[in-house]
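Novice: Take a look at model.pdb, PDB, C-alpha atoms:
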ATOM      1  CA  MET A   1      -0.416   9.147  -0.086  1.00  0.00           C
ATOM      2  CA  ASN A   2      -3.622  10.692  -1.357  1.00  0.00           C
ATOM      3  CA  ASP A   3      -3.431  14.459  -1.031  1.00  0.00           C
ATOM      4  CA  LEU A   4      -6.330  16.380  -2.583  1.00  0.00           C
ATOM      5  CA  ARG A   5      -4.091  19.404  -3.212  1.00  0.00           C
ATOM      6  CA  LEU A   6      -1.938  17.456  -5.659  1.00  0.00           C
ATOM      7  CA  PRO A   7      -2.880  17.379  -9.335  1.00  0.00           C
ATOM      8  CA  ASP A   8      -4.163  14.336 -11.163  1.00  0.00           C
ATOM      9  CA  PHE A   9      -0.921  12.548 -12.074  1.00  0.00           C
ATOM     10  CA  ASP A  10      -2.423  11.296 -15.338  1.00  0.00           C
ATOM     11  CA  THR A  11      -3.336  14.751 -16.639  1.00  0.00           C
ATOM     12  CA  MET A  12      -0.789  17.031 -14.992  1.00  0.00           C
ATOM     13  CA  THR A  13       1.347  19.312 -17.115  1.00  0.00           C
ATOM     14  CA  PRO A  14       5.058  20.042 -16.634  1.00  0.00           C
ATOM     15  CA  ALA A  15       4.015  23.389 -15.088  1.00  0.00           C
ATOM     16  CA  ASP A  16       1.767  21.562 -12.607  1.00  0.00           C
ATOM     17  CA  PHE A  17       4.596  19.185 -11.838  1.00  0.00           C
ATOM     18  CA  GLU A  18       7.049  22.004 -11.102  1.00  0.00           C
ATOM     19  CA  LYS A  19       4.453  23.780  -8.969  1.00  0.00           C
ATOM     20  CA  PHE A  20       3.738  20.687  -6.868  1.00  0.00           C
ATOM     21  CA  LEU A  21       7.222  19.153  -6.897  1.00  0.00           C
ATOM     22  CA  PRO A  22       8.111  20.340  -3.352  1.00  0.00           C
ATOM     23  CA  GLU A  23       4.947  18.702  -2.003  1.00  0.00           C
ATOM     24  CA  ILE A  24       5.562  15.554  -4.034  1.00  0.00           C
ATOM     25  CA  PHE A  25       9.072  15.310  -2.556  1.00  0.00           C
ATOM     26  CA  ALA A  26       7.844  16.119   0.962  1.00  0.00           C
ATOM     27  CA  ASN A  27       5.087  13.503   0.858  1.00  0.00           C
ATOM     28  CA  GLY A  28       7.310  10.787  -0.567  1.00  0.00           C
ATOM     29  CA  ASP A  29      10.341   8.885   0.573  1.00  0.00           C
ATOM     30  CA  GLY A  30      12.734  11.282  -1.154  1.00  0.00           C
ATOM     31  CA  HIS A  31      12.796   9.257  -4.356  1.00  0.00           C
ATOM     32  CA  VAL A  32      10.180  10.709  -6.658  1.00  0.00           C
ATOM     33  CA  SER A  33      11.601   8.784  -9.606  1.00  0.00           C
ATOM     34  CA  THR A  34      10.397   5.502  -8.102  1.00  0.00           C
ATOM     35  CA  ASP A  35       6.867   6.705  -7.341  1.00  0.00           C
ATOM     36  CA  PRO A  36       4.672   4.430  -9.484  1.00  0.00           C
ATOM     37  CA  ARG A  37       2.081   7.202  -9.943  1.00  0.00           C
ATOM     38  CA  LEU A  38       4.671   9.320 -11.789  1.00  0.00           C
ATOM     39  CA  GLN A  39       6.257   6.737 -14.069  1.00  0.00           C
ATOM     40  CA  THR A  40       4.182   7.547 -17.142  1.00  0.00           C
ATOM     41  CA  PHE A  41       4.505  11.290 -16.598  1.00  0.00           C
ATOM     42  CA  LEU A  42       8.298  11.134 -16.167  1.00  0.00           C
ATOM     43  CA  THR A  43       8.648   8.892 -19.225  1.00  0.00           C
ATOM     44  CA  ASN A  44       6.638  11.357 -21.303  1.00  0.00           C
ATOM     45  CA  ASN A  45       8.446  14.421 -19.890  1.00  0.00           C
ATOM     46  CA  PRO A  46      12.210  13.823 -19.987  1.00  0.00           C
ATOM     47  CA  ASP A  47      13.027  17.359 -18.785  1.00  0.00           C
ATOM     48  CA  CYS A  48      10.987  16.785 -15.641  1.00  0.00           C
ATOM     49  CA  ALA A  49      12.618  13.370 -15.194  1.00  0.00           C
ATOM     50  CA  ALA A  50      16.068  14.994 -15.448  1.00  0.00           C
ATOM     51  CA  LEU A  51      15.054  17.593 -12.859  1.00  0.00           C
ATOM     52  CA  VAL A  52      13.922  14.824 -10.507  1.00  0.00           C
ATOM     53  CA  ARG A  53      17.207  12.931 -10.967  1.00  0.00           C
ATOM     54  CA  ASP A  54      19.197  16.084 -10.215  1.00  0.00           C
ATOM     55  CA  LEU A  55      17.157  16.909  -7.116  1.00  0.00           C
ATOM     56  CA  GLU A  56      17.392  13.324  -5.854  1.00  0.00           C
ATOM     57  CA  ALA A  57      21.172  13.375  -6.303  1.00  0.00           C
ATOM     58  CA  ILE A  58      21.405  16.660  -4.392  1.00  0.00           C
ATOM     59  CA  ALA A  59      19.175  15.293  -1.613  1.00  0.00           C
ATOM     60  CA  ASP A  60      21.247  12.095  -1.370  1.00  0.00           C
ATOM     61  CA  GLN A  61      24.457  14.114  -1.112  1.00  0.00           C
ATOM     62  CA  ALA A  62      22.935  16.366   1.544  1.00  0.00           C
ATOM     63  CA  ARG A  63      21.789  13.344   3.590  1.00  0.00           C
ATOM     64  CA  SER A  64      25.245  11.820   3.382  1.00  0.00           C
ATOM     65  CA  LEU A  65      26.709  14.915   5.054  1.00  0.00           C
ATOM     66  CA  PHE A  66      24.815  14.020   8.216  1.00  0.00           C
ATOM     67  CA  GLU A  67      25.576  10.308   8.277  1.00  0.00           C
ATOM     68  CA  PRO A  68      28.182   9.321  10.842  1.00  0.00           C
ATOM     69  CA  THR A  69      31.114   7.479   9.401  1.00  0.00           C
ATOM     70  CA  ASP A  70      33.297   4.966  11.158  1.00  0.00           C
ATOM     71  CA  PRO A  71      36.881   5.227   9.980  1.00  0.00           C
ATOM     72  CA  GLY A  72      37.364   1.517  10.552  1.00  0.00           C
ATOM     73  CA  ASP A  73      39.712  -0.607  12.592  1.00  0.00           C
ATOM     74  CA  ALA A  74      42.739   0.086  10.401  1.00  0.00           C
ATOM     75  CA  VAL A  75      42.595   3.805  11.220  1.00  0.00           C
ATOM     76  CA  TRP A  76      42.204   3.211  14.956  1.00  0.00           C
ATOM     77  CA  THR A  77      45.065   0.700  14.913  1.00  0.00           C
ATOM     78  CA  GLY A  78      47.240   3.233  13.076  1.00  0.00           C
ATOM     79  CA  ILE A  79      46.450   5.931  15.622  1.00  0.00           C
ATOM     80  CA  GLN A  80      47.195   3.599  18.493  1.00  0.00           C
ATOM     81  CA  SER A  81      50.491   2.583  16.890  1.00  0.00           C
ATOM     82  CA  LYS A  82      51.539   6.223  16.353  1.00  0.00           C
ATOM     83  CA  LEU A  83      50.684   7.060  19.953  1.00  0.00           C
ATOM     84  CA  LYS A  84      52.762   4.136  21.205  1.00  0.00           C
ATOM     85  CA  MET A  85      55.670   5.205  19.007  1.00  0.00           C
ATOM     86  CA  GLN A  86      55.366   8.778  20.238  1.00  0.00           C
ATOM     87  CA  GLY A  87      55.225   7.528  23.822  1.00  0.00           C
ATOM     88  CA  SER A  88      58.447   5.531  23.419  1.00  0.00           C
ATOM     89  CA  GLU A  89      60.158   8.514  21.773  1.00  0.00           C
ATOM     90  CA  ASP A  90      59.109  10.683  24.716  1.00  0.00           C
ATOM     91  CA  ASP A  91      60.803   8.185  27.062  1.00  0.00           C
ATOM     92  CA  ASP A  92      64.136   9.076  25.440  1.00  0.00           C
ATOM     93  CA  LEU A  93      63.690  12.800  26.083  1.00  0.00           C
ATOM     94  CA  PRO A  94      65.163  14.371  29.214  1.00  0.00           C
ATOM     95  CA  LEU A  95      62.645  15.131  31.876  1.00  0.00           C
ATOM     96  CA  ALA A  96      61.472  18.696  31.899  1.00  0.00           C
ATOM     97  CA  LYS A  97      62.004  20.597  35.119  1.00  0.00           C
ATOM     98  CA  THR A  98      58.898  21.908  36.736  1.00  0.00           C
ATOM     99  CA  PHE A  99      59.128  24.950  38.962  1.00  0.00           C
TER
END
Turn this file's structure into structure tokens for me.

Specialist:
Amino acid sequence: MNDLRLPDFDTMTPADFEKFLPEIFANGDGHVSTDPRLQTFLTNNPDCAALVRDLEAIADQARSLFEPTDPGDAVWTGIQSKLKMQGSEDDDLPLAKTF
């Protein structure tokens, strides 16, 4: 990941960081805090490190909204059981007349 438009990570200022942060996120894996090129900068600039943590947390939450979830076998078994119970209760009801 060597983009000439990005600043020198060793000499960048917090203003440079904020300016290029969207590109840094876009060119990375979504976890800027683990980028080895930024470790010294983030250690020396705790406000920028806090911003990165917040943005990573927001991005993780946003990604989780699109992840399919499987409710698990217990839920499906419960649904099946309720449907069977409802089916047996319906057997006790008088048949509806159709016209």

Novice: Excluding Ala49 of chain A and its own-chain neighbours fewer than 3 positions away, which residues fall within 12 Å of it when counting only C-alpha atoms? Please give them as number ranges by chain.

Specialist: A: 14, 17-18, 21, 31-35, 38-46, 52-56

Novice: What is the distance between atom CA of Arg37 of chain A and atom CA of Asp8 of chain A, in Å to one decimal?

Specialist: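 Atom-to-atom, atom CA of Arg37 of chain A and atom CA of Asp8 of chain A are spaced 9.6 Å apart.
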
Novice: Find the distance between atom CA of Ala26 of chain A and atom CA of Leu6 of chain A and write it in Å to one decimal.

Specialist: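 Atom CA of Leu6 of chain A lies at a distance of 11.9 Å from atom CA of Ala26 of chain A.
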
Novice: For Gly30 of chain A, which of A:Asp16, A:Asp73, A:Asp60, A:Asp10 is the closest residue, counting all atoms listed in the file?

Specialist: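 Distance minimum relative to Gly30 of chain A lands on A:Asp60.
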